$ cat target34.cif   # mmCIF, C-alpha atoms and all ligand atoms
data_my_file
loop_
_atom_site.label_atom_id
_atom_site.label_comp_id
_atom_site.auth_asym_id
_atom_site.auth_seq_id
_atom_site.Cartn_x
_atom_site.Cartn_y
_atom_site.Cartn_z
CA MET A 222 276.86 124.11 -131.59
CA LEU A 223 279.86 126.20 -130.73
CA GLN A 224 278.99 129.09 -133.02
CA PHE A 225 275.56 129.63 -131.42
CA THR A 226 275.95 131.22 -128.00
CA TYR A 227 274.20 133.74 -125.77
CA SER A 228 275.64 137.20 -125.62
CA ARG A 229 274.01 139.91 -123.51
CA GLY A 230 271.04 137.58 -123.03
CA VAL A 231 270.34 136.96 -126.72
CA LEU A 232 271.24 133.94 -128.82
CA HIS A 233 273.82 134.85 -131.44
CA ALA A 234 275.17 133.15 -134.54
CA GLU A 235 278.86 134.01 -134.30
CA GLY A 236 278.74 137.80 -133.67
CA VAL A 237 275.19 138.41 -134.89
CA SER A 238 272.03 138.51 -132.78
CA LEU A 239 269.30 136.19 -134.06
CA ALA A 240 266.74 138.66 -132.70
CA ALA A 241 268.26 141.40 -134.85
CA ILE A 242 268.05 139.20 -137.95
CA ALA A 243 264.44 138.31 -137.10
CA ALA A 244 263.59 142.01 -136.82
CA GLU A 245 264.84 142.56 -140.36
CA VAL A 246 263.87 139.43 -142.27
CA GLY A 247 260.86 138.25 -140.24
CA THR A 248 260.27 134.66 -139.18
CA PRO A 249 260.73 131.82 -139.81
CA PHE A 250 264.24 131.82 -141.26
CA TYR A 251 267.26 129.55 -141.43
CA CYS A 252 270.56 130.92 -140.21
CA TYR A 253 273.97 129.37 -140.88
CA ALA A 254 277.35 130.11 -139.31
CA THR A 255 280.31 130.18 -141.70
CA ALA A 256 282.78 129.39 -138.90
CA ALA A 257 280.94 126.13 -138.21
CA PHE A 258 281.22 125.02 -141.85
CA GLU A 259 284.88 125.89 -141.83
CA SER A 260 285.77 124.18 -138.58
CA GLN A 261 283.97 120.96 -139.53
CA TYR A 262 285.55 120.86 -142.98
CA ARG A 263 289.01 121.55 -141.60
CA ALA A 264 288.65 118.95 -138.84
CA LEU A 265 287.88 116.27 -141.42
CA ASP A 266 290.48 117.45 -143.90
CA SER A 267 293.27 117.58 -141.35
CA ALA A 268 292.26 114.17 -139.96
CA PHE A 269 293.15 112.73 -143.39
CA ALA A 270 296.38 114.72 -143.73
CA GLY A 271 299.15 112.52 -145.07
CA THR A 272 296.70 110.35 -147.04
CA GLU A 273 295.70 111.34 -150.55
CA HIS A 274 292.04 112.30 -150.23
CA LEU A 275 289.19 114.41 -151.59
CA ILE A 276 286.19 115.61 -149.61
CA CYS A 277 283.19 115.75 -151.94
CA TYR A 278 280.54 117.56 -149.85
CA ALA A 279 277.17 115.77 -150.24
CA MET A 280 275.34 118.91 -151.24
CA LYS A 281 271.92 117.31 -150.88
CA ALA A 282 272.31 118.20 -147.19
CA ASN A 283 272.28 121.95 -147.91
CA SER A 284 272.68 123.24 -151.43
CA ASN A 285 272.35 126.99 -151.02
CA GLN A 286 274.81 128.65 -153.42
CA ALA A 287 276.46 130.51 -150.54
CA VAL A 288 277.04 127.26 -148.67
CA LEU A 289 278.49 125.62 -151.78
CA ALA A 290 280.74 128.61 -152.48
CA THR A 291 281.99 128.48 -148.87
CA MET A 292 282.79 124.79 -149.26
CA ALA A 293 284.41 125.32 -152.66
CA LYS A 294 286.67 128.01 -151.18
CA LEU A 295 287.83 125.50 -148.59
CA GLY A 296 288.79 123.13 -151.40
CA ALA A 297 285.81 120.79 -151.33
CA GLY A 298 284.53 118.86 -154.31
CA MET A 299 280.84 117.89 -154.47
CA ASP A 300 278.77 114.76 -154.43
CA VAL A 301 275.72 115.46 -156.61
CA VAL A 302 272.60 113.37 -157.21
CA SER A 303 270.90 115.19 -160.07
CA VAL A 304 271.74 117.40 -163.00
CA GLY A 305 270.17 120.23 -161.01
CA GLU A 306 272.69 119.74 -158.23
CA LEU A 307 275.50 119.49 -160.78
CA LYS A 308 274.45 122.83 -162.28
CA ARG A 309 274.30 124.35 -158.79
CA ALA A 310 277.81 123.07 -158.01
CA LEU A 311 279.21 124.48 -161.26
CA ALA A 312 277.42 127.81 -160.65
CA ALA A 313 279.05 128.02 -157.21
CA GLY A 314 282.50 127.66 -158.78
CA VAL A 315 283.19 124.00 -158.00
CA PRO A 316 285.43 122.54 -160.74
CA ALA A 317 283.76 119.65 -162.59
CA SER A 318 286.95 117.69 -162.03
CA LYS A 319 285.97 117.49 -158.32
CA VAL A 320 282.38 116.35 -158.84
CA ILE A 321 281.08 112.83 -158.24
CA PHE A 322 277.61 111.98 -159.58
CA ALA A 323 275.66 109.47 -157.46
CA GLY A 324 272.11 108.10 -157.49
CA VAL A 325 270.18 105.02 -158.61
CA GLY A 326 268.18 106.63 -161.40
CA LYS A 327 270.33 108.95 -163.51
CA THR A 328 268.69 109.68 -166.86
CA ARG A 329 270.56 109.63 -170.18
CA ASP A 330 270.23 113.42 -170.40
CA GLU A 331 271.79 113.80 -166.96
CA MET A 332 274.60 111.43 -167.94
CA ALA A 333 275.25 113.36 -171.16
CA PHE A 334 275.42 116.71 -169.38
CA ALA A 335 277.84 115.37 -166.77
CA ILE A 336 280.05 113.54 -169.27
CA SER A 337 280.28 116.58 -171.51
CA HIS A 338 281.46 118.61 -168.51
CA ASP A 339 284.17 116.02 -167.71
CA ILE A 340 283.16 115.38 -164.12
CA LEU A 341 285.48 113.36 -161.88
CA GLY A 342 283.26 110.31 -162.04
CA PHE A 343 279.98 108.49 -161.66
CA ASN A 344 279.07 106.18 -158.81
CA VAL A 345 277.21 103.47 -160.70
CA GLU A 346 274.46 101.49 -159.01
CA SER A 347 273.35 98.80 -161.49
CA GLU A 348 274.30 96.83 -164.60
CA ALA A 349 271.60 98.67 -166.58
CA GLU A 350 273.15 101.99 -165.59
CA LEU A 351 276.62 100.78 -166.69
CA GLU A 352 275.26 99.93 -170.12
CA ALA A 353 273.39 103.22 -170.49
CA LEU A 354 276.42 105.22 -169.39
CA SER A 355 278.63 103.35 -171.85
CA SER A 356 276.29 104.08 -174.75
CA VAL A 357 275.93 107.79 -173.85
CA ALA A 358 279.72 108.14 -173.55
CA VAL A 359 280.24 106.45 -176.91
CA GLU A 360 277.66 108.75 -178.55
CA LEU A 361 279.57 111.74 -177.20
CA GLY A 362 282.97 110.28 -178.13
CA LYS A 363 284.06 110.55 -174.49
CA THR A 364 285.12 108.29 -171.62
CA ALA A 365 283.12 108.23 -168.38
CA ARG A 366 285.08 107.37 -165.26
CA ILE A 367 283.12 105.12 -162.93
CA ALA A 368 283.22 103.68 -159.45
CA LEU A 369 280.89 100.81 -158.70
CA ARG A 370 278.65 101.37 -155.69
CA VAL A 371 278.71 98.16 -153.74
CA ASN A 372 276.07 97.27 -151.17
CA PRO A 373 278.02 95.59 -148.36
CA ASP A 374 274.91 94.38 -146.47
CA VAL A 375 276.13 96.11 -143.32
CA ASP A 376 273.72 97.37 -140.67
CA ALA A 377 274.47 101.07 -140.09
CA LYS A 378 272.36 100.98 -136.88
CA THR A 379 270.56 104.17 -137.82
CA HIS A 380 266.96 105.17 -138.61
CA ALA A 381 265.37 102.77 -141.15
CA LYS A 382 264.63 105.63 -143.58
CA ILE A 383 268.31 106.62 -143.81
CA SER A 384 269.91 103.18 -143.78
CA THR A 385 271.25 102.40 -147.25
CA GLY A 386 273.77 99.58 -146.96
CA LYS A 387 271.50 96.58 -146.29
CA SER A 388 270.70 94.11 -149.05
CA GLU A 389 267.00 95.06 -148.86
CA ASN A 390 267.81 98.72 -149.66
CA LYS A 391 267.63 99.87 -153.28
CA PHE A 392 271.22 101.07 -153.35
CA GLY A 393 274.33 99.56 -154.89
CA ILE A 394 275.35 96.25 -156.37
CA PRO A 395 275.41 93.04 -154.32
CA PHE A 396 278.91 92.54 -152.95
CA ASP A 397 279.41 89.16 -154.63
CA ASP A 398 278.39 90.54 -158.01
CA ALA A 399 280.89 93.40 -157.93
CA PRO A 400 283.88 91.61 -159.56
CA ARG A 401 281.73 90.45 -162.49
CA LEU A 402 280.36 93.96 -163.00
CA MET A 403 283.78 95.57 -162.80
CA ASP A 404 284.92 93.12 -165.51
CA ARG A 405 281.82 94.07 -167.50
CA ALA A 406 282.58 97.80 -167.05
CA ARG A 407 286.13 97.23 -168.28
CA ALA A 408 284.82 95.45 -171.37
CA LEU A 409 282.25 98.13 -172.25
CA PRO A 410 283.37 100.95 -174.55
CA GLY A 411 283.43 104.51 -173.24
CA LEU A 412 284.00 103.55 -169.60
CA ALA A 413 287.04 103.64 -167.32
CA ALA A 414 286.40 101.59 -164.18
CA VAL A 415 288.58 103.34 -161.61
CA GLY A 416 286.99 102.95 -158.22
CA ILE A 417 284.62 101.36 -155.77
CA HIS A 418 282.11 103.15 -153.60
CA MET A 419 280.07 102.39 -150.49
CA HIS A 420 277.62 104.51 -148.52
CA ILE A 421 275.90 102.57 -145.77
CA GLY A 422 273.62 105.21 -144.29
CA SER A 423 273.35 108.53 -142.57
CA GLN A 424 273.51 109.80 -138.96
CA ILE A 425 275.75 106.89 -137.90
CA THR A 426 276.73 107.42 -134.28
CA ASP A 427 278.05 104.02 -133.19
CA ALA A 428 280.72 104.84 -130.59
CA LYS A 429 283.13 102.23 -131.96
CA LEU A 430 282.44 103.12 -135.59
CA SER A 431 281.82 99.41 -136.19
CA PRO A 432 279.50 99.83 -139.21
CA PHE A 433 282.21 101.85 -140.96
CA ARG A 434 284.94 99.40 -139.94
CA ASP A 435 282.89 96.49 -141.29
CA ALA A 436 282.19 98.27 -144.58
CA PHE A 437 285.79 99.42 -145.03
CA THR A 438 287.03 95.89 -144.34
CA LEU A 439 284.80 94.55 -147.12
CA MET A 440 285.95 97.35 -149.37
CA ARG A 441 289.54 96.39 -148.75
CA GLU A 442 288.80 92.75 -149.56
CA LEU A 443 287.10 93.76 -152.79
CA ALA A 444 289.88 96.18 -153.80
CA LEU A 445 292.49 93.43 -153.37
CA ASP A 446 290.35 90.96 -155.31
CA LEU A 447 289.87 93.47 -158.15
CA ARG A 448 293.57 94.20 -158.27
CA ALA A 449 294.24 90.48 -158.58
CA ARG A 450 291.86 90.47 -161.57
CA GLY A 451 293.95 93.18 -163.21
CA HIS A 452 291.82 96.23 -162.41
CA GLU A 453 293.77 99.42 -162.00
CA LEU A 454 291.87 101.16 -159.25
CA GLU A 455 292.54 104.81 -158.47
CA HIS A 456 290.18 105.58 -155.62
CA LEU A 457 287.94 104.25 -152.91
CA ASP A 458 284.83 106.30 -152.14
CA LEU A 459 283.89 105.84 -148.49
CA GLY A 460 280.51 107.60 -148.78
CA GLY A 461 279.25 109.86 -146.02
CA GLY A 462 277.19 109.07 -142.97
CA LEU A 463 279.11 110.21 -139.90
CA GLY A 464 276.50 111.54 -137.49
CA VAL A 465 276.21 114.76 -135.53
CA SER A 466 274.94 115.46 -132.06
CA TYR A 467 271.24 116.39 -132.08
CA LYS A 468 270.47 115.78 -128.43
CA LEU A 469 272.14 117.43 -125.48
CA GLY A 470 273.28 114.92 -122.92
CA ASN A 471 273.64 112.05 -125.40
CA GLN A 472 277.07 110.59 -125.97
CA PRO A 473 278.51 112.71 -128.82
CA PRO A 474 279.14 110.76 -132.03
CA PRO A 475 282.73 109.81 -132.88
CA ASP A 476 284.67 112.73 -134.29
CA PRO A 477 286.34 113.03 -137.71
CA ALA A 478 289.72 112.08 -136.22
CA ALA A 479 288.36 108.75 -134.94
CA TYR A 480 286.68 108.11 -138.30
CA ALA A 481 289.86 108.91 -140.23
CA ALA A 482 291.86 106.64 -137.93
CA VAL A 483 289.62 103.68 -138.81
CA ALA A 484 289.74 104.48 -142.53
CA LYS A 485 293.51 104.79 -142.51
CA GLU A 486 293.98 101.66 -140.41
CA VAL A 487 291.86 99.50 -142.73
CA LEU A 488 292.56 101.09 -146.11
CA GLY A 489 295.65 103.27 -145.70
CA ASP A 490 298.21 100.81 -147.07
CA LEU A 491 296.41 100.23 -150.38
CA GLY A 492 297.93 103.31 -151.99
CA LEU A 493 294.52 104.45 -153.24
CA LYS A 494 293.05 107.93 -153.01
CA LEU A 495 290.27 108.12 -150.43
CA VAL A 496 287.21 110.05 -151.58
CA MET A 497 284.47 110.80 -149.06
CA GLU A 498 281.01 112.32 -149.26
CA PRO A 499 280.04 113.84 -145.92
CA GLY A 500 276.90 115.95 -145.80
CA ARG A 501 275.39 116.24 -142.34
CA LEU A 502 278.78 116.22 -140.62
CA LEU A 503 279.83 119.42 -142.39
CA VAL A 504 276.61 121.43 -142.10
CA GLY A 505 274.22 119.91 -139.53
CA ASN A 506 275.42 121.86 -136.53
CA ALA A 507 276.08 124.98 -138.56
CA GLY A 508 272.42 125.96 -138.87
CA VAL A 509 269.31 126.83 -136.88
CA LEU A 510 265.72 127.50 -137.81
CA VAL A 511 264.34 130.55 -136.02
CA THR A 512 260.60 130.73 -135.51
CA ARG A 513 258.18 132.89 -133.51
CA VAL A 514 255.44 131.76 -131.14
CA THR A 515 252.03 132.68 -132.58
CA PHE A 516 249.71 131.39 -129.86
CA ILE A 517 249.73 129.28 -126.74
CA LYS A 518 246.84 126.84 -126.63
CA GLU A 519 245.96 124.83 -123.54
CA GLY A 520 244.47 121.51 -124.64
CA GLU A 521 243.11 118.84 -122.33
CA GLY A 522 246.18 117.87 -120.35
CA ARG A 523 248.39 119.17 -123.15
CA ARG A 524 249.96 122.55 -123.81
CA PHE A 525 250.52 123.50 -127.43
CA THR A 526 252.99 126.18 -128.35
CA ILE A 527 252.03 127.11 -131.88
CA VAL A 528 254.94 128.58 -133.85
CA ASP A 529 255.12 130.03 -137.36
CA ALA A 530 257.48 127.31 -138.71
CA ALA A 531 255.97 124.02 -139.77
CA MET A 532 256.68 120.60 -141.24
CA ASN A 533 256.95 122.16 -144.70
CA ASP A 534 259.92 124.21 -143.45
CA LEU A 535 261.61 121.43 -141.45
CA ILE A 536 260.27 117.94 -142.10
CA ARG A 537 262.83 115.96 -140.10
CA PRO A 538 260.70 115.53 -136.94
CA THR A 539 257.73 114.32 -139.00
CA LEU A 540 259.71 112.13 -141.40
CA TYR A 541 262.33 110.63 -139.11
CA GLU A 542 260.94 111.30 -135.62
CA ALA A 543 264.06 113.45 -135.38
CA HIS A 544 264.94 115.26 -132.17
CA HIS A 545 266.06 118.89 -132.38
CA GLU A 546 267.03 120.84 -129.30
CA ILE A 547 264.84 123.92 -128.77
CA TRP A 548 266.48 127.05 -127.40
CA PRO A 549 264.81 130.33 -126.54
CA VAL A 550 266.39 133.21 -128.41
CA SER A 551 266.06 135.35 -125.30
CA GLU A 552 268.15 133.82 -122.54
CA LEU A 553 265.90 135.23 -119.81
CA SER A 554 263.23 132.63 -120.31
CA ARG A 555 265.89 129.95 -119.88
CA ASP A 556 265.89 130.54 -116.13
CA ALA A 557 262.14 130.14 -115.69
CA PRO A 558 260.78 126.73 -114.59
CA MET A 559 260.29 124.41 -117.55
CA VAL A 560 256.86 123.46 -118.85
CA VAL A 561 256.03 120.29 -120.73
CA GLN A 562 254.59 121.26 -124.11
CA ASP A 563 254.28 120.39 -127.80
CA LEU A 564 255.89 122.79 -130.24
CA VAL A 565 253.67 122.60 -133.32
CA GLY A 566 253.25 124.42 -136.61
CA PRO A 567 250.14 125.80 -138.31
CA VAL A 568 249.92 123.12 -141.05
CA CYS A 569 246.76 121.02 -141.16
CA GLU A 570 248.39 117.69 -140.28
CA THR A 571 248.68 116.00 -136.91
CA GLY A 572 252.22 115.13 -137.97
CA ASP A 573 253.08 118.81 -138.12
CA TYR A 574 255.27 119.22 -135.07
CA ILE A 575 258.78 120.27 -134.16
CA ALA A 576 258.92 118.81 -130.64
CA LEU A 577 256.48 116.67 -128.67
CA GLU A 578 256.04 116.53 -124.89
CA ARG A 579 259.22 118.46 -124.36
CA SER A 580 260.22 120.24 -121.19
CA LEU A 581 260.84 123.78 -122.44
CA PRO A 582 260.75 127.34 -121.13
CA PRO A 583 257.25 128.78 -120.58
CA PHE A 584 257.05 130.44 -123.98
CA VAL A 585 254.49 133.14 -124.60
CA ALA A 586 253.15 134.54 -127.86
CA GLY A 587 255.77 136.64 -129.63
CA ASP A 588 258.79 134.77 -128.24
CA LEU A 589 261.53 133.76 -130.66
CA VAL A 590 262.56 130.12 -130.61
CA ALA A 591 265.61 128.51 -132.21
CA VAL A 592 265.39 124.96 -133.53
CA MET A 593 268.95 123.74 -133.28
CA THR A 594 271.04 121.51 -135.60
CA ALA A 595 268.91 122.42 -138.59
CA GLY A 596 271.74 123.03 -141.08
CA ALA A 597 271.44 119.66 -142.81
CA TYR A 598 268.37 118.28 -144.57
CA GLY A 599 266.38 121.33 -143.43
CA ALA A 600 265.89 124.06 -146.04
CA VAL A 601 266.62 121.62 -148.88
CA MET A 602 263.68 119.41 -147.93
CA ALA A 603 261.24 122.29 -147.52
CA SER A 604 258.10 122.50 -149.62
CA THR A 605 255.33 124.99 -150.22
CA TYR A 606 252.65 122.68 -148.76
CA ASN A 607 249.63 124.70 -147.58
CA THR A 608 250.89 127.42 -149.99
CA ARG A 609 253.49 128.43 -147.45
CA PRO A 610 256.39 130.23 -149.14
CA LEU A 611 259.93 128.88 -148.70
CA VAL A 612 261.59 130.75 -145.85
CA PRO A 613 264.72 132.91 -146.10
CA GLU A 614 268.22 131.59 -145.50
CA VAL A 615 270.79 133.83 -143.84
CA LEU A 616 274.55 133.31 -143.71
CA VAL A 617 276.61 134.84 -140.92
CA ARG A 618 280.35 135.40 -140.99
CA GLY A 619 281.79 136.96 -137.87
CA ALA A 620 279.83 140.17 -137.31
CA GLU A 621 278.49 140.24 -140.89
CA TRP A 622 275.37 138.63 -142.24
CA ALA A 623 273.58 138.37 -145.55
CA VAL A 624 270.29 136.98 -146.82
CA VAL A 625 271.42 134.18 -149.13
CA ARG A 626 267.91 133.27 -150.20
CA PRO A 627 265.09 135.78 -149.84
CA ARG A 628 261.63 134.81 -148.67
CA MET A 629 259.54 133.58 -151.56
CA ASP A 630 256.25 135.40 -151.99
CA VAL A 631 252.86 133.76 -152.27
CA GLU A 632 252.19 135.46 -155.60
CA ALA A 633 255.25 133.72 -157.08
CA ILE A 634 253.84 130.35 -155.99
CA ILE A 635 250.42 131.09 -157.48
CA ALA A 636 252.02 132.35 -160.69
CA LEU A 637 253.55 128.91 -161.31
CA ASP A 638 250.09 127.48 -162.03
CA ARG A 639 248.33 127.81 -165.39
CA LEU A 640 244.63 127.67 -166.13
CA PRO A 641 243.68 125.38 -169.03
CA GLY A 642 241.73 127.00 -171.87
CA TRP A 643 238.36 125.63 -170.68
CA LEU A 644 238.71 127.49 -167.35
CA GLY A 645 240.23 130.68 -168.74
C1 LIG B 1 275.44 108.33 -151.71
C2 LIG B 1 275.41 109.27 -150.56
N1 LIG B 1 276.56 109.84 -150.18
C3 LIG B 1 276.60 110.72 -149.14
C4 LIG B 1 275.44 111.04 -148.44
C5 LIG B 1 275.55 112.01 -147.31
O1 LIG B 1 275.24 111.42 -146.11
P1 LIG B 1 275.48 112.22 -144.75
O2 LIG B 1 274.77 113.51 -144.86
O3 LIG B 1 274.92 111.35 -143.71
O4 LIG B 1 276.95 112.39 -144.60
C6 LIG B 1 274.24 110.44 -148.79
C7 LIG B 1 273.01 110.75 -148.02
O5 LIG B 1 271.93 110.36 -148.29
C8 LIG B 1 274.21 109.53 -149.88
O6 LIG B 1 273.09 108.95 -150.27
#
$ encode --input "target34.cif" --output "C-alpha cells"
Amino acid sequence: MLQFTYSRGVLHAEGVSLAAIAAEVGTPFYCYATAAFESQYRALDSAFAGTEHLICYAMKANSNQAVLATMAKLGAGMDVVSVGELKRALAAGVPASKVIFAGVGKTRDEMAFAISHDILGFNVESEAELEALSSVAVELGKTARIALRVNPDVDAKTHAKISTGKSENKFGIPFDDAPRLMDRARALPGLAAVGIHMHIGSQITDAKLSPFRDAFTLMRELALDLRARGHELEHLDLGGGLGVSYKLGNQPPPDPAAYAAVAKEVLGDLGLKLVMEPGRLLVGNAGVLVTRVTFIKEGEGRRFTIVDAAMNDLIRPTLYEAHHEIWPVSELSRDAPMVVQDLVGPVCETGDYIALERSLPPFVAGDLVAVMTAGAYGAVMASTYNTRPLVPEVLVRGAEWAVVRPRMDVEAIIALDRLPGWLG
C-alpha cells in the first residue's frame, strides 16, 4: 500500500494525515488514494500496450462517483451488473460505448435501458437471457451486441464464495454448449454475437497464474471453433479476478505484467480485442477504513478491542474470513510490544469482527486504527444493519482531500420507513 505511509509519526494517505481527516469527519470513514488508482490502472494498461484492449473497471468493487470519474479520466470503460450501476457510470461521465453489462438475472427493463443507451455489449449467461434480449431489442428496433459468458469449469483456487468458473457455480454457459448458443444468437433477430467472455473468480493469487492460463487456453480453443463455424468475433472478455496482497509477509500475487504476458501468449495472435474487467486489482489497495477504539474489554483469556466500525461497514472478514492488516494511525504505538487481541465492532453478532486473535499494538480507548486494503468490496457492501448510518468516503489527491460521500444521518434512515394507516 505504497500511498499509505507514516510521516512525522502519523499514517498518511498520500500527503494527508488520516488523523487530520478523522478530526474533521469523525470515525469510521473510508479513505482512498487517487495515486493508487492511477498507478494500478496504468500498470495494467501499459502491460497490454501493443495489443488492442479495453479495461472495463468492475465498478461493483467500489462505485463511488468520484472513483468512477477518476477511472473514466484514465480512459476506463465499466463493467456493470445492474441498471443502477449503469446509471452511476453514465452519471460519472463514462461513455455508454465503453460499458459492458454482466450478470445472470438482468430484467427486461434493465435490458431496454441499456440497449436504448447503445452500450458496448451484454455478457449473456443463459439461453433464456438470449431470447429475452432478442425480443427487447426487436421491440426497440435496435441491435444488442452480445458476448456469451462461458463457464470453463476451471478451479480458480480462491475462496468458495468468490469462485465463479466451476460447473457447479451459477455463472455462464457450459463450455460444450457454447457453439450451439452462439449459432442460436446469430439466428435470433436483434442480436449481434461478437464475443466470448469468461470470469472464473476473484482474488486469484496463484503464483503461476495457472487458472487464468487454463481458462484462456479454453477461450482460444472456443474462439477458433467459432471462427470455423463462420462467427465473426470482435472481442474476448477475460473477466477480472487478479488478486491483491492483503497479508504482509505472504507471497505477493502476480502483477499485471505477468498476467498480460499470459494473456498475450495464449490469445495475442488471434487478432481480437481483449476486454478485461478488473475490480479489486484497481482499487483494493487504494483504500483504508479508519476506525476509533471505543473500549478495551478483558474477557476470560481474551482481550477485545472494541472499535466504532463494524461488520455493516466492512463485511469481508465476516463473509469471507478475509484478512486485513491493521495499522495504528499513530506510529508511536507501533514500537510497543504487541498484544494478542480481537478487534471487534459494536454490532450484536458474534460474527462482527475485523480481526481475530491478532498480534497488534496495545491499543487504548481513543486510538485511531486503520484497516488496510479496504478499497474494494468495502463501502459498496455496507449496510445500515443495527440502524448504523453508512460511513463517509474521502478521496485524497496529493495534499488535497474531499468528502466524496458524507455520513448518512440516522434520521434519513428512519425517514425511509412509512407507517401503514392502521398504525398512524
Ligand atoms: C463478471 C465479473 N467480472 C469482473 C469481476 C471483478 O472481479 P475482481 O474484483 O476480482 O477483479 C467480477 C466480480 O465478482 C465479476 O463477477
$ residues_near_ligand --input "target34.cif" --ligand "ligand LIG 1 (chain B)" --cutoff "7 Å" --atoms "only C-alpha atoms and all ligand atoms" --output "ChimeraX atom specification"
/A:279,282,300,323-324,383,420,422-424,460-464,498-502
$ closest_residue --input "target34.cif" --among "A:Arg513, A:Arg401, A:Arg524, A:His233" --to "Cys252 in chain A" --atoms "only C-alpha atoms"
A:His233
$ closest_residue --input "target34.cif" --among "A:Pro475, A:Gly362, A:Pro558, A:Pro249" --to "Ala600 in chain A" --atoms "all atoms listed in the file"
A:Pro249
$ residues_around --input "target34.cif" --residues "range 435-438 of chain A" --least-positions-apart "3" --cutoff "9 Å" --atoms "only C-alpha atoms" --output "compact mmCIF listing (two decimals) with C-alpha atoms, in the coordinates of the input"
# COMPACT_ATOMS: atom_id res chain seq x y z
CA PRO A 373 278.02 95.59 -148.36
CA ASP A 374 274.91 94.38 -146.47
CA VAL A 375 276.13 96.11 -143.32
CA GLY A 386 273.77 99.58 -146.96
CA MET A 419 280.07 102.39 -150.49
CA HIS A 420 277.62 104.51 -148.52
CA ILE A 421 275.90 102.57 -145.77
CA LEU A 430 282.44 103.12 -135.59
CA SER A 431 281.82 99.41 -136.19
CA PRO A 432 279.50 99.83 -139.21
CA ARG A 441 289.54 96.39 -148.75
CA GLU A 442 288.80 92.75 -149.56
CA LEU A 443 287.10 93.76 -152.79
CA LEU A 459 283.89 105.84 -148.49
CA VAL A 483 289.62 103.68 -138.81
CA ALA A 484 289.74 104.48 -142.53
CA VAL A 487 291.86 99.50 -142.73
CA LEU A 488 292.56 101.09 -146.11
$ atom_distance --input "target34.cif" --atom1 "CA of Phe525 in chain A" --atom2 "CA of Ala244 in chain A"
24.5 Å
$ atom_distance --input "target34.cif" --atom1 "CA of His418 in chain A" --atom2 "CA of Ala353 in chain A"
19.0 Å
$ atom_distance --input "target34.cif" --atom1 "CA of Ile425 in chain A" --atom2 "CA of Val509 in chain A"
21.0 Å
$ closest_residue --input "target34.cif" --among "A:Phe225, A:Phe258, A:Tyr480, A:Phe396" --to "Gly505 in chain A" --atoms "only C-alpha atoms"
A:Phe258
$ residues_around --input "target34.cif" --residues "range 341-350 of chain A" --least-positions-apart "2" --cutoff "7 Å" --atoms "all atoms listed in the file" --output "list in words"
Ala317, Ser318, Lys319, Val320, Ile321, Phe322, Ala323, Val325, Asp339, Glu352, Ala353, Leu354, Ala365, Arg366, Ile367, Ala368, Leu369, Arg370, Phe392, Gly393, Ile394, Leu402 and His418 of chain A
$ closest_residue --input "target34.cif" --among "A:Ala481, A:Ala313, A:Leu412, A:Asn372" --to "Ala264 in chain A" --atoms "all atoms listed in the file"
A:Ala481
$ residues_near_point --input "target34.cif" --point "(269.6, 112.6, -124.1)" --cutoff "12 Å" --atoms "all atoms listed in the file" --output "list in words"
Ser466, Tyr467, Lys468, Leu469, Gly470, Asn471, Gln472, Pro473, His544, His545, Glu546 and Arg579 of chain A
$ closest_residue --input "target34.cif" --among "A:Asn607, A:Thr328, A:Ser388, A:Ser238" --to "Ser551 in chain A" --atoms "only C-alpha atoms"
A:Ser238
$ residues_around --input "target34.cif" --residues "range 617-631 of chain A" --least-positions-apart "3" --cutoff "8 Å" --atoms "only C-alpha atoms" --output "number ranges by chain"
A: 234-237, 252-256, 285-287, 608-614, 634-635
$ axis_aligned_box --input "target34.cif" --around "range 299-305 of chain A" --padding-each-side "6 Å" --output "JSON"
{"center_x": 275.5, "center_y": 116.8, "center_z": -158.7, "size_x": 22.7, "size_y": 18.9, "size_z": 20.6}
$ residues_around --input "target34.cif" --residues "Asp446 in chain A" --least-positions-apart "3" --cutoff "12 Å" --atoms "only C-alpha atoms" --output "MDAnalysis selection string"
chainID A and resid 396:397 399:401 403:404 417 439:443 449:454
$ closest_residue --input "target34.cif" --among "A:Lys429, A:His274, A:Lys308, A:Arg229" --to "Asp476 in chain A" --atoms "only C-alpha atoms"
A:Lys429
$ residues_near_point --input "target34.cif" --point "(285.1, 126.0, -161.6)" --cutoff "12 Å" --atoms "all atoms listed in the file" --output "PyMOL selection string"
chain A and resi 289-290+293-294+296-299+307-320+338-340
$ residues_around --input "target34.cif" --residues "Gly522 in chain A" --least-positions-apart "2" --cutoff "12 Å" --atoms "only C-alpha atoms" --output "number ranges by chain"
A: 518-520, 524-525, 561-563, 578
$ build_atoms --input "target34.cif" --residues "range 341-348 of chain A" --atoms "N, CA and C atoms" --output "short mmCIF file (atom, residue, chain, number, x, y, z; two decimals), in the coordinates of the input"
data_model
loop_
_atom_site.label_atom_id
_atom_site.label_comp_id
_atom_site.auth_asym_id
_atom_site.auth_seq_id
_atom_site.Cartn_x
_atom_site.Cartn_y
_atom_site.Cartn_z
N LEU A 341 284.50 114.33 -162.40
CA LEU A 341 285.48 113.36 -161.88
C LEU A 341 285.00 111.93 -162.07
N GLY A 342 283.73 111.68 -161.83
CA GLY A 342 283.26 110.31 -162.04
C GLY A 342 281.82 110.09 -161.61
N PHE A 343 281.33 108.92 -162.01
CA PHE A 343 279.98 108.49 -161.66
C PHE A 343 280.07 107.34 -160.67
N ASN A 344 279.22 107.37 -159.66
CA ASN A 344 279.07 106.18 -158.81
C ASN A 344 277.90 105.39 -159.39
N VAL A 345 278.21 104.23 -159.92
CA VAL A 345 277.21 103.47 -160.70
C VAL A 345 276.55 102.42 -159.81
N GLU A 346 275.24 102.30 -159.96
CA GLU A 346 274.46 101.49 -159.01
C GLU A 346 273.84 100.23 -159.60
N SER A 347 273.96 100.01 -160.92
CA SER A 347 273.35 98.80 -161.49
C SER A 347 274.00 98.48 -162.84
N GLU A 348 273.76 97.25 -163.31
CA GLU A 348 274.30 96.83 -164.60
C GLU A 348 273.64 97.65 -165.71
#
